[in-house]
Amino acid sequence: MTFELPKFTPPDFSNDFLLNAPDCKIKKVIKEGVAHIDYHALSIYPEYFKIKGKWVIANESRMDSVAIVTPVGGIDVVEFRNLKVGDKVVVGRTEDGSEGIYMYTEGFATDDINVDNFAFRSGRSRETAFSKDYDELYEIMQYEKEHDGKIVWVLGPSIALDDKARGAFALLVENGYAQAVLSGNTLATYDLEKAMFKTVSGQQTFESRATAHYNYIATINEARRAGSLVELVNSGAVEDGIIKACLENDVPVVLASSIRDRYTLPNVYDNVYESQNAMRKHTRNATMLICLSSVLHTIAAGNMTPSYTVKNGVVRPVYIYSIDIQEFAVNKLSDRGTLEVKTLVTNVQDFIINVAEALIKQS
């Protein structure tokens with residue numbers, strides 16, 4: 001069965017409560033980075049704002065950000081820290097149209113009892129059979145590849161512990177199933193260490209060397225000596241892996257540092273707001289977000305990715321997946337407000353190998 005993107009049904013703006021609603025109220029920013037006390041915080045769902053008698057959708061939303069009215073009567077979504085003096089911030093706490101603000105959750109609702117309502121995904125457990133979810137995932141990923149979709153991956157370090165998993169992800173990159181990778185210093189260092197020294201954090205399969213624990217730092221040291229990850233890969237020192245595949249296939253990699261990092265690769269963001277801004281460039285264009293075994297990066301990316309996006313004037317869903325071997329981990333994203341996430345409880349190494357085998361075989 002060929003996958004079809006769900007069609008969006010917009011609100012009926014001829015309804016009296018929308019037709020007679022007032023324009024949304026705005027207040028100008030008078031201090032940089034500070035919103036008016038009655039600011040309206042956005043959600044993950046489509047929201048409309050009435051401006052000069054016309055309902056306007058926020059094309060690129062983000063949870064817990066603010067809407068500002070542009071000079072041409074559009075809506076920009078801005079993080080509080082990025083507010084500038086003079087920005088016209090939408091104010092109002094209701095979302096029922098009464099203040100010119102309308103949150104709409106029924107755009108992808110369906111009468112088909114065999115199809116999940118897009119606006120809500122229930123949590124899963126280890127007892128869940130995921131075969132249907134895998135089939136759906138394959139269909140969506142194939143669709144995104146064939147229709148210029150943007151598949152953004154969030155990767156935790158565990159995927160780099162296994163050669164087959166590293167190879168499987170590299171295959172997905174090489175075959176067009178990744179348009180951006182968001183991760184941290186540890187994933188990249190593990191992957192590069194495996195490629196350069198055949199160890200991960202000093203551990204290896206076939207033999208034990210007394211000095212192998214130096215390899216993690218040695219990897220970062222050599223990358224810094226090269227000057228950048230691109231130069232390191234170009235030097236020939238990196239034989240294979242995730243980072244190499246991404247750089248050679250022009251897939252952007254955003255690496256965000258952590259407070260626990262004692263030494264980081266070049267090109268790693270060590271400022272949290274710079275990290276968010278770099279991630280946001282990709283999540284705002286994403287049509288699919290797949291998060292593997294990285295709780296904090298998953299929450300960060302999930303909360304800055306809306307449940308919808310507007311492409312060529314058409315509203316379409318953004319598919320969000322969270323995969324981890326722990327039920328606690330996959331449920332954290334929905335607990336934080338990203339209710340439409342689809343969760344799979346499984347080993348991420350097995351997951352990525354299965355996905356690569358299925359999709360590359362189809363190709």
# chains A, B, ... in the order shown; residues from 1 in each chain; ligands from 1
>>> residues_around(residues="His297 (chain A)", least_positions_apart="3", cutoff="9 Å", atoms="only C-alpha atoms", output="ChimeraX atom specification")
/A:154-156,182-184,256,291,294,300-302
>>> write_last_selection(atoms="all heavy atoms", output="mmCIF file, in the first residue's frame")
data_model
loop_
_atom_site.group_PDB
_atom_site.id
_atom_site.type_symbol
_atom_site.label_atom_id
_atom_site.label_comp_id
_atom_site.auth_asym_id
_atom_site.auth_seq_id
_atom_site.Cartn_x
_atom_site.Cartn_y
_atom_site.Cartn_z
ATOM 1 N N VAL A 154 18.196 12.546 15.945
ATOM 2 C CA VAL A 154 18.832 12.869 17.219
ATOM 3 C C VAL A 154 19.494 11.583 17.710
ATOM 4 O O VAL A 154 18.807 10.576 17.924
ATOM 5 C CB VAL A 154 17.810 13.376 18.253
ATOM 6 C CG1 VAL A 154 18.491 13.656 19.590
ATOM 7 C CG2 VAL A 154 17.107 14.630 17.744
ATOM 8 N N LEU A 155 20.803 11.598 17.871
ATOM 9 C CA LEU A 155 21.538 10.373 18.178
ATOM 10 C C LEU A 155 22.193 10.437 19.553
ATOM 11 O O LEU A 155 22.885 11.399 19.885
ATOM 12 C CB LEU A 155 22.629 10.132 17.133
ATOM 13 C CG LEU A 155 22.194 9.999 15.673
ATOM 14 C CD1 LEU A 155 23.414 9.690 14.809
ATOM 15 C CD2 LEU A 155 21.132 8.922 15.501
ATOM 16 N N GLY A 156 21.995 9.362 20.334
ATOM 17 C CA GLY A 156 22.721 9.185 21.580
ATOM 18 C C GLY A 156 23.991 8.381 21.336
ATOM 19 O O GLY A 156 24.154 7.756 20.276
ATOM 20 N N LEU A 182 21.556 15.677 14.938
ATOM 21 C CA LEU A 182 21.733 16.461 16.151
ATOM 22 C C LEU A 182 22.237 15.532 17.247
ATOM 23 O O LEU A 182 21.639 14.484 17.493
ATOM 24 C CB LEU A 182 20.411 17.102 16.584
ATOM 25 C CG LEU A 182 19.574 17.794 15.497
ATOM 26 C CD1 LEU A 182 18.280 18.348 16.101
ATOM 27 C CD2 LEU A 182 20.369 18.901 14.818
ATOM 28 N N SER A 183 23.324 15.900 17.896
ATOM 29 C CA SER A 183 23.882 15.023 18.918
ATOM 30 C C SER A 183 24.812 15.806 19.820
ATOM 31 O O SER A 183 24.759 17.041 19.868
ATOM 32 C CB SER A 183 24.617 13.842 18.254
ATOM 33 O OG SER A 183 24.924 12.852 19.219
ATOM 34 N N GLY A 184 25.674 15.056 20.542
ATOM 35 C CA GLY A 184 26.613 15.682 21.454
ATOM 36 C C GLY A 184 28.035 15.251 21.186
ATOM 37 O O GLY A 184 28.317 14.461 20.271
ATOM 38 N N ALA A 256 26.223 19.472 20.362
ATOM 39 C CA ALA A 256 26.048 20.364 21.504
ATOM 40 C C ALA A 256 26.776 19.794 22.711
ATOM 41 O O ALA A 256 26.604 18.627 23.069
ATOM 42 C CB ALA A 256 24.559 20.530 21.821
ATOM 43 N N CYS A 291 14.457 10.172 17.154
ATOM 44 C CA CYS A 291 15.348 10.348 18.298
ATOM 45 C C CYS A 291 15.748 8.987 18.868
ATOM 46 O O CYS A 291 14.881 8.186 19.222
ATOM 47 C CB CYS A 291 14.665 11.175 19.378
ATOM 48 S SG CYS A 291 13.993 12.748 18.783
ATOM 49 N N SER A 294 18.730 9.225 23.604
ATOM 50 C CA SER A 294 19.381 10.426 24.121
ATOM 51 C C SER A 294 18.315 11.293 24.762
ATOM 52 O O SER A 294 17.694 12.117 24.090
ATOM 53 C CB SER A 294 20.093 11.188 22.995
ATOM 54 O OG SER A 294 20.673 12.372 23.496
ATOM 55 N N ALA A 300 15.040 18.283 24.102
ATOM 56 C CA ALA A 300 15.364 19.585 23.510
ATOM 57 C C ALA A 300 14.860 19.676 22.078
ATOM 58 O O ALA A 300 14.177 20.640 21.704
ATOM 59 C CB ALA A 300 16.877 19.809 23.550
ATOM 60 N N ALA A 301 15.189 18.674 21.271
ATOM 61 C CA ALA A 301 14.782 18.700 19.858
ATOM 62 C C ALA A 301 13.274 18.563 19.722
ATOM 63 O O ALA A 301 12.645 19.251 18.900
ATOM 64 C CB ALA A 301 15.483 17.585 19.090
ATOM 65 N N GLY A 302 12.660 17.680 20.512
ATOM 66 C CA GLY A 302 11.222 17.466 20.437
ATOM 67 C C GLY A 302 10.437 18.702 20.797
ATOM 68 O O GLY A 302 9.434 19.042 20.153
#
>>> residues_around(residues="Pro157 (chain A)", least_positions_apart="6", cutoff="9 Å", atoms="only C-alpha atoms", output="list in words")
Ser183, Gly184, Asn185, Thr186, Leu187, Ala188, Thr189, Tyr190, Asp191, Ser293 and Ser294 of chain A
>>> select_by_dssp(residues="region 170-238 of chain A", states="strand (DSSP E)", output="list in words")
Ala180, Val181, Leu182, Ser183 and Gly184 of chain A
>>> residues_around(residues="region 69-80 of chain A", least_positions_apart="6", cutoff="7 Å", atoms="only C-alpha atoms", output="list of chain:residue names")
A:Gly33, A:Val34, A:Ala35, A:Ile51, A:Val56, A:Ala58, A:Glu60, A:Ser61, A:Arg62, A:Lys88, A:Val89
>>> write_last_selection(atoms="C-alpha atoms", output="PDB file, in the first residue's frame")
ATOM      1  CA  GLY A  33      14.710  39.681  25.766  1.00  0.00           C
ATOM      2  CA  VAL A  34      11.646  40.564  27.878  1.00  0.00           C
ATOM      3  CA  ALA A  35       8.040  39.996  26.813  1.00  0.00           C
ATOM      4  CA  ILE A  51      -4.598  40.295  12.023  1.00  0.00           C
ATOM      5  CA  VAL A  56      -2.997  33.926   9.860  1.00  0.00           C
ATOM      6  CA  ALA A  58       2.132  30.567  12.463  1.00  0.00           C
ATOM      7  CA  GLU A  60       7.048  27.640  11.997  1.00  0.00           C
ATOM      8  CA  SER A  61       6.031  27.195  15.605  1.00  0.00           C
ATOM      9  CA  ARG A  62       7.945  26.217  18.713  1.00  0.00           C
ATOM     10  CA  LYS A  88       5.110  43.403  18.313  1.00  0.00           C
ATOM     11  CA  VAL A  89       4.370  40.510  20.651  1.00  0.00           C
TER      12      VAL A  89
END
>>> closest_residue(among="A:Pro11, A:Ser158, A:Tyr177, A:Ser235", to="Ile325 (chain A)", atoms="only C-alpha atoms")
A:Ser158
>>> residues_around(residues="Ser275 (chain A)", least_positions_apart="3", cutoff="10 Å", atoms="only C-alpha atoms", output="ChimeraX atom specification")
/A:182,184,254-257,268-272,278-280
>>> write_last_selection(atoms="N, CA, C and O atoms", output="PDB file, in the first residue's frame")
ATOM      1  N   LEU A 182      21.556  15.677  14.938  1.00  0.00           N
ATOM      2  CA  LEU A 182      21.733  16.461  16.151  1.00  0.00           C
ATOM      3  C   LEU A 182      22.237  15.532  17.247  1.00  0.00           C
ATOM      4  O   LEU A 182      21.639  14.484  17.493  1.00  0.00           O
ATOM      5  N   GLY A 184      25.674  15.056  20.542  1.00  0.00           N
ATOM      6  CA  GLY A 184      26.613  15.682  21.454  1.00  0.00           C
ATOM      7  C   GLY A 184      28.035  15.251  21.186  1.00  0.00           C
ATOM      8  O   GLY A 184      28.317  14.461  20.271  1.00  0.00           O
ATOM      9  N   VAL A 254      25.044  18.835  14.030  1.00  0.00           N
ATOM     10  CA  VAL A 254      25.086  19.817  15.110  1.00  0.00           C
ATOM     11  C   VAL A 254      25.441  19.080  16.390  1.00  0.00           C
ATOM     12  O   VAL A 254      24.699  18.207  16.843  1.00  0.00           O
ATOM     13  N   LEU A 255      26.581  19.426  16.975  1.00  0.00           N
ATOM     14  CA  LEU A 255      27.058  18.786  18.196  1.00  0.00           C
ATOM     15  C   LEU A 255      27.005  19.795  19.337  1.00  0.00           C
ATOM     16  O   LEU A 255      27.648  20.844  19.279  1.00  0.00           O
ATOM     17  N   ALA A 256      26.223  19.472  20.362  1.00  0.00           N
ATOM     18  CA  ALA A 256      26.048  20.364  21.504  1.00  0.00           C
ATOM     19  C   ALA A 256      26.776  19.794  22.711  1.00  0.00           C
ATOM     20  O   ALA A 256      26.604  18.627  23.069  1.00  0.00           O
ATOM     21  N   SER A 257      27.583  20.603  23.350  1.00  0.00           N
ATOM     22  CA  SER A 257      28.368  20.161  24.495  1.00  0.00           C
ATOM     23  C   SER A 257      27.481  19.965  25.727  1.00  0.00           C
ATOM     24  O   SER A 257      26.329  20.409  25.779  1.00  0.00           O
ATOM     25  N   VAL A 268      32.194  21.652  18.130  1.00  0.00           N
ATOM     26  CA  VAL A 268      31.170  21.389  19.143  1.00  0.00           C
ATOM     27  C   VAL A 268      30.759  22.722  19.784  1.00  0.00           C
ATOM     28  O   VAL A 268      31.612  23.506  20.207  1.00  0.00           O
ATOM     29  N   TYR A 269      29.455  22.977  19.844  1.00  0.00           N
ATOM     30  CA  TYR A 269      28.958  24.200  20.474  1.00  0.00           C
ATOM     31  C   TYR A 269      29.073  24.077  21.991  1.00  0.00           C
ATOM     32  O   TYR A 269      28.584  23.105  22.577  1.00  0.00           O
ATOM     33  N   ASP A 270      29.715  25.052  22.629  1.00  0.00           N
ATOM     34  CA  ASP A 270      29.840  24.997  24.087  1.00  0.00           C
ATOM     35  C   ASP A 270      28.977  26.048  24.778  1.00  0.00           C
ATOM     36  O   ASP A 270      29.080  26.256  25.982  1.00  0.00           O
ATOM     37  N   ASN A 271      28.111  26.704  24.000  1.00  0.00           N
ATOM     38  CA  ASN A 271      27.161  27.667  24.546  1.00  0.00           C
ATOM     39  C   ASN A 271      25.749  27.137  24.282  1.00  0.00           C
ATOM     40  O   ASN A 271      25.405  26.816  23.144  1.00  0.00           O
ATOM     41  N   VAL A 272      24.950  27.029  25.324  1.00  0.00           N
ATOM     42  CA  VAL A 272      23.656  26.357  25.199  1.00  0.00           C
ATOM     43  C   VAL A 272      22.723  27.086  24.229  1.00  0.00           C
ATOM     44  O   VAL A 272      21.990  26.437  23.462  1.00  0.00           O
ATOM     45  N   ALA A 278      21.456  26.561  16.563  1.00  0.00           N
ATOM     46  CA  ALA A 278      21.940  25.685  15.484  1.00  0.00           C
ATOM     47  C   ALA A 278      20.989  24.515  15.264  1.00  0.00           C
ATOM     48  O   ALA A 278      20.700  24.140  14.120  1.00  0.00           O
ATOM     49  N   MET A 279      20.471  23.936  16.341  1.00  0.00           N
ATOM     50  CA  MET A 279      19.506  22.842  16.223  1.00  0.00           C
ATOM     51  C   MET A 279      18.204  23.334  15.591  1.00  0.00           C
ATOM     52  O   MET A 279      17.614  22.661  14.746  1.00  0.00           O
ATOM     53  N   ARG A 280      17.791  24.524  16.001  1.00  0.00           N
ATOM     54  CA  ARG A 280      16.507  25.079  15.558  1.00  0.00           C
ATOM     55  C   ARG A 280      16.468  25.287  14.038  1.00  0.00           C
ATOM     56  O   ARG A 280      15.415  25.171  13.414  1.00  0.00           O
TER      57      ARG A 280
END
>>> closest_residue(among="A:Asp240, A:Glu327, A:Glu193, A:Glu136", to="Glu4 (chain A)", atoms="only C-alpha atoms")
A:Glu136
>>> atom_distance(atom1="CA of Glu95 (chain A)", atom2="CA of Ser307 (chain A)")
16.9 Å
>>> select_by_dssp(residues="region 57-287 of chain A", states="alpha helix (DSSP H)", output="MDAnalysis selection string")
chainID A and resid 131:146 163:174 185:197 215:226 229:234 242:248 272:283
>>> closest_residue(among="A:Arg81, A:Arg224, A:Leu161, A:Val314", to="Thr199 (chain A)", atoms="only C-alpha atoms")
A:Leu161
